Amino acid sequence: MRALFAALLLASMGMSAMAEPERPSVACGGTDATAAINAGLAGGGSVSLGPGTCLISGTLVLGDGASLTGAGQRVTIIKAAAAGSTMVQVGAGPARPSRHASVAHLTVDGAGISGQGILVRPGSSAAIT
């Protein structure tokens, strides 16, 4: 009963008894951010992207529960460094679908690419806001 009372008291003050998990943060700048972003997303991780343009040379892959969050639409921009096929992919393929992934608060600039900006593989699901 005391634990419930303490949780309710903390919630009424906008606080939580549980600490929020720390998200790896990736700065966007003039260098290729693909490896750093994918490393943070591995195993269902969450990555926060700072303001600016994040250049990528490969596909960013979101697995189960992974989230990719920017600093705001048109504030954080993901841009392909060269023409490629897919910029952001949810799920690794038909045999490895992803569920509950999310992409939020960013812009995907697909100008000049020959494939998809964001691809949600069959059997996968994602919240894209």
# chains A, B, ... in the order shown; residues from 1 in each chain; ligands from 1
>>> closest_atom_pairs(of="stretch 57-89 of chain A", to="stretch 26-35 of chain A", cutoff="9 Å", atoms="only C-alpha atoms", output="Markdown table")
| residue | atom | partner | partner_atom | distance |
| --- | --- | --- | --- | --- |
| A:Ser57 | CA | A:Thr34 | CA | 6.2 |
| A:Gly58 | CA | A:Thr34 | CA | 6.2 |
| A:Thr59 | CA | A:Thr34 | CA | 7.4 |
| A:Leu60 | CA | A:Thr34 | CA | 6.7 |
| A:Thr76 | CA | A:Cys28 | CA | 7.8 |
| A:Ile77 | CA | A:Cys28 | CA | 8.4 |
| A:Ile78 | CA | A:Cys28 | CA | 8.7 |
| A:Ala81 | CA | A:Asp32 | CA | 7.6 |
>>> closest_residue(among="A:Ser48, A:Ser25, A:Ser124, A:Ser114", to="A:Ala92", atoms="only C-alpha atoms")
A:Ser124
>>> atom_distance(atom1="atom CA of A:Ser67", atom2="atom CA of A:Val90")
10.0 Å
>>> atom_distance(atom1="atom CA of A:Leu49", atom2="atom CA of A:Pro94")
28.0 Å
>>> select_by_dssp(residues="stretch 74-126 of chain A", states="strand (DSSP E)", output="list in words")
Thr76, Ile77, Ile78, Lys79, Ala80, Thr86, Met87, Val88, Gln89, Val90, Ala101, Ser102, Val103, Ala104, Thr107, Val108, Asp109, Gln116, Gly117, Ile118, Leu119, Val120 and Ala126 of chain A
>>> write_last_selection(atoms="all heavy atoms", output="short mmCIF file (atom, residue, chain, number, x, y, z; two decimals), in the first residue's frame")
data_model
loop_
_atom_site.label_atom_id
_atom_site.label_comp_id
_atom_site.auth_asym_id
_atom_site.auth_seq_id
_atom_site.Cartn_x
_atom_site.Cartn_y
_atom_site.Cartn_z
N THR A 76 15.70 17.88 -37.60
CA THR A 76 16.60 16.75 -37.82
C THR A 76 16.24 16.16 -39.17
O THR A 76 15.08 15.81 -39.41
CB THR A 76 16.43 15.67 -36.73
OG1 THR A 76 16.74 16.23 -35.46
CG2 THR A 76 17.34 14.49 -36.99
N ILE A 77 17.23 16.06 -40.05
CA ILE A 77 17.00 15.55 -41.41
C ILE A 77 17.94 14.38 -41.65
O ILE A 77 19.14 14.48 -41.43
CB ILE A 77 17.24 16.65 -42.46
CG1 ILE A 77 16.30 17.83 -42.20
CG2 ILE A 77 17.09 16.11 -43.88
CD1 ILE A 77 16.65 19.09 -42.94
N ILE A 78 17.36 13.26 -42.11
CA ILE A 78 18.17 12.12 -42.54
C ILE A 78 18.26 12.21 -44.05
O ILE A 78 17.25 12.27 -44.75
CB ILE A 78 17.54 10.78 -42.11
CG1 ILE A 78 17.50 10.69 -40.59
CG2 ILE A 78 18.31 9.62 -42.70
CD1 ILE A 78 16.79 9.45 -40.09
N LYS A 79 19.48 12.22 -44.56
CA LYS A 79 19.71 12.37 -46.00
C LYS A 79 20.71 11.33 -46.48
O LYS A 79 21.72 11.10 -45.83
CB LYS A 79 20.23 13.77 -46.31
CG LYS A 79 20.41 14.05 -47.78
CD LYS A 79 20.65 15.54 -48.00
CE LYS A 79 20.82 15.88 -49.45
NZ LYS A 79 19.68 15.56 -50.28
N ALA A 80 20.41 10.71 -47.63
CA ALA A 80 21.33 9.73 -48.20
C ALA A 80 22.56 10.43 -48.74
O ALA A 80 22.46 11.43 -49.45
CB ALA A 80 20.63 8.94 -49.31
N THR A 86 17.17 1.89 -49.91
CA THR A 86 16.25 2.22 -48.82
C THR A 86 17.02 2.95 -47.74
O THR A 86 18.12 2.56 -47.38
CB THR A 86 15.64 0.93 -48.23
OG1 THR A 86 14.93 0.24 -49.26
CG2 THR A 86 14.69 1.24 -47.09
N MET A 87 16.41 4.02 -47.19
CA MET A 87 17.08 4.80 -46.15
C MET A 87 16.78 4.25 -44.76
O MET A 87 17.68 4.07 -43.96
CB MET A 87 16.67 6.26 -46.27
CG MET A 87 17.14 6.91 -47.57
SD MET A 87 16.49 8.57 -47.82
CE MET A 87 17.31 9.46 -46.52
N VAL A 88 15.51 4.03 -44.44
CA VAL A 88 15.09 3.53 -43.13
C VAL A 88 14.21 2.31 -43.37
O VAL A 88 13.24 2.38 -44.12
CB VAL A 88 14.31 4.60 -42.33
CG1 VAL A 88 13.85 4.05 -40.99
CG2 VAL A 88 15.12 5.87 -42.15
N GLN A 89 14.55 1.20 -42.72
CA GLN A 89 13.80 -0.04 -42.92
C GLN A 89 13.36 -0.60 -41.57
O GLN A 89 14.17 -0.72 -40.65
CB GLN A 89 14.68 -1.07 -43.63
CG GLN A 89 14.04 -2.41 -43.83
CD GLN A 89 14.92 -3.33 -44.64
OE1 GLN A 89 15.30 -3.00 -45.75
NE2 GLN A 89 15.28 -4.47 -44.07
N VAL A 90 12.07 -0.92 -41.48
CA VAL A 90 11.53 -1.54 -40.28
C VAL A 90 11.40 -3.03 -40.57
O VAL A 90 10.68 -3.44 -41.47
CB VAL A 90 10.16 -0.95 -39.90
CG1 VAL A 90 9.58 -1.66 -38.68
CG2 VAL A 90 10.28 0.55 -39.65
N ALA A 101 8.15 -0.78 -33.51
CA ALA A 101 9.24 0.15 -33.79
C ALA A 101 8.62 1.54 -33.99
O ALA A 101 7.43 1.67 -34.25
CB ALA A 101 10.01 -0.28 -35.04
N SER A 102 9.45 2.58 -33.87
CA SER A 102 8.92 3.93 -34.11
C SER A 102 9.97 4.84 -34.72
O SER A 102 11.16 4.73 -34.44
CB SER A 102 8.38 4.54 -32.81
OG SER A 102 9.44 4.81 -31.92
N VAL A 103 9.48 5.73 -35.56
CA VAL A 103 10.29 6.79 -36.17
C VAL A 103 9.51 8.08 -35.90
O VAL A 103 8.34 8.18 -36.27
CB VAL A 103 10.47 6.57 -37.69
CG1 VAL A 103 11.27 7.70 -38.31
CG2 VAL A 103 11.11 5.23 -37.97
N ALA A 104 10.15 9.06 -35.24
CA ALA A 104 9.41 10.24 -34.85
C ALA A 104 10.27 11.50 -34.88
O ALA A 104 11.48 11.45 -34.68
CB ALA A 104 8.85 10.06 -33.43
N THR A 107 12.77 14.40 -40.38
CA THR A 107 12.43 14.44 -41.80
C THR A 107 13.38 13.50 -42.53
O THR A 107 14.58 13.50 -42.27
CB THR A 107 12.60 15.87 -42.36
OG1 THR A 107 11.69 16.73 -41.68
CG2 THR A 107 12.34 15.93 -43.86
N VAL A 108 12.82 12.68 -43.43
CA VAL A 108 13.62 11.82 -44.28
C VAL A 108 13.65 12.47 -45.66
O VAL A 108 12.62 12.60 -46.30
CB VAL A 108 13.05 10.38 -44.35
CG1 VAL A 108 13.84 9.53 -45.33
CG2 VAL A 108 13.03 9.75 -42.97
N ASP A 109 14.83 12.91 -46.09
CA ASP A 109 14.99 13.58 -47.39
C ASP A 109 15.43 12.54 -48.41
O ASP A 109 16.59 12.14 -48.44
CB ASP A 109 16.03 14.70 -47.26
CG ASP A 109 16.25 15.46 -48.55
OD1 ASP A 109 15.69 15.06 -49.60
OD2 ASP A 109 16.98 16.46 -48.52
N GLN A 116 13.24 3.44 -51.60
CA GLN A 116 12.29 3.95 -50.62
C GLN A 116 12.98 4.82 -49.58
O GLN A 116 14.12 4.58 -49.22
CB GLN A 116 11.60 2.78 -49.89
CG GLN A 116 10.79 1.88 -50.77
CD GLN A 116 11.61 0.77 -51.39
OE1 GLN A 116 12.73 0.50 -51.00
NE2 GLN A 116 11.05 0.12 -52.39
N GLY A 117 12.22 5.79 -49.08
CA GLY A 117 12.69 6.57 -47.94
C GLY A 117 12.52 5.76 -46.67
O GLY A 117 13.47 5.52 -45.94
N ILE A 118 11.28 5.32 -46.40
CA ILE A 118 11.00 4.45 -45.25
C ILE A 118 10.26 3.22 -45.77
O ILE A 118 9.24 3.35 -46.43
CB ILE A 118 10.14 5.17 -44.18
CG1 ILE A 118 10.86 6.39 -43.63
CG2 ILE A 118 9.77 4.21 -43.05
CD1 ILE A 118 10.05 7.21 -42.64
N LEU A 119 10.79 2.06 -45.46
CA LEU A 119 10.20 0.80 -45.89
C LEU A 119 9.81 0.00 -44.66
O LEU A 119 10.64 -0.26 -43.79
CB LEU A 119 11.20 -0.01 -46.72
CG LEU A 119 10.81 -1.45 -47.07
CD1 LEU A 119 9.58 -1.47 -47.98
CD2 LEU A 119 11.97 -2.17 -47.73
N VAL A 120 8.52 -0.37 -44.57
CA VAL A 120 8.05 -1.25 -43.49
C VAL A 120 7.88 -2.62 -44.12
O VAL A 120 7.01 -2.82 -44.98
CB VAL A 120 6.74 -0.74 -42.85
CG1 VAL A 120 6.27 -1.69 -41.77
CG2 VAL A 120 6.94 0.67 -42.31
N ALA A 126 5.07 -0.27 -37.35
CA ALA A 126 5.81 0.86 -36.82
C ALA A 126 4.88 2.06 -36.65
O ALA A 126 3.94 2.22 -37.43
CB ALA A 126 6.96 1.24 -37.74
#
>>> atom_distance(atom1="atom CA of A:Ser46", atom2="atom CA of A:Ala83")
26.1 Å
>>> select_by_dssp(residues="chain A", states="alpha helix (DSSP H)", output="ChimeraX atom specification")
/A:2-12,34-41
>>> write_last_selection(atoms="C-alpha atoms", output="compact mmCIF listing (two decimals), in the first residue's frame")
# COMPACT_ATOMS: atom_id res chain seq x y z
CA ARG A 2 2.85 2.40 0.81
CA ALA A 3 4.49 1.72 -2.56
CA LEU A 4 1.23 2.57 -4.33
CA PHE A 5 0.85 5.78 -2.31
CA ALA A 6 4.45 6.79 -3.07
CA ALA A 7 3.98 6.10 -6.80
CA LEU A 8 0.77 8.16 -6.86
CA LEU A 9 2.43 11.00 -4.96
CA LEU A 10 5.39 11.06 -7.36
CA ALA A 11 3.08 10.89 -10.38
CA SER A 12 1.06 13.87 -9.10
CA THR A 34 25.05 5.12 -40.45
CA ALA A 35 27.23 2.93 -38.21
CA ALA A 36 26.60 4.98 -35.06
CA ILE A 37 22.83 5.02 -35.57
CA ASN A 38 22.60 1.29 -36.41
CA ALA A 39 24.75 0.44 -33.37
CA GLY A 40 22.26 2.27 -31.13
CA LEU A 41 19.26 0.63 -32.82
>>> residues_around(residues="A:Asp64", least_positions_apart="5", cutoff="6 Å", atoms="only C-alpha atoms", output="list in words")
Gly44, Ser98, Arg99 and Ala101 of chain A
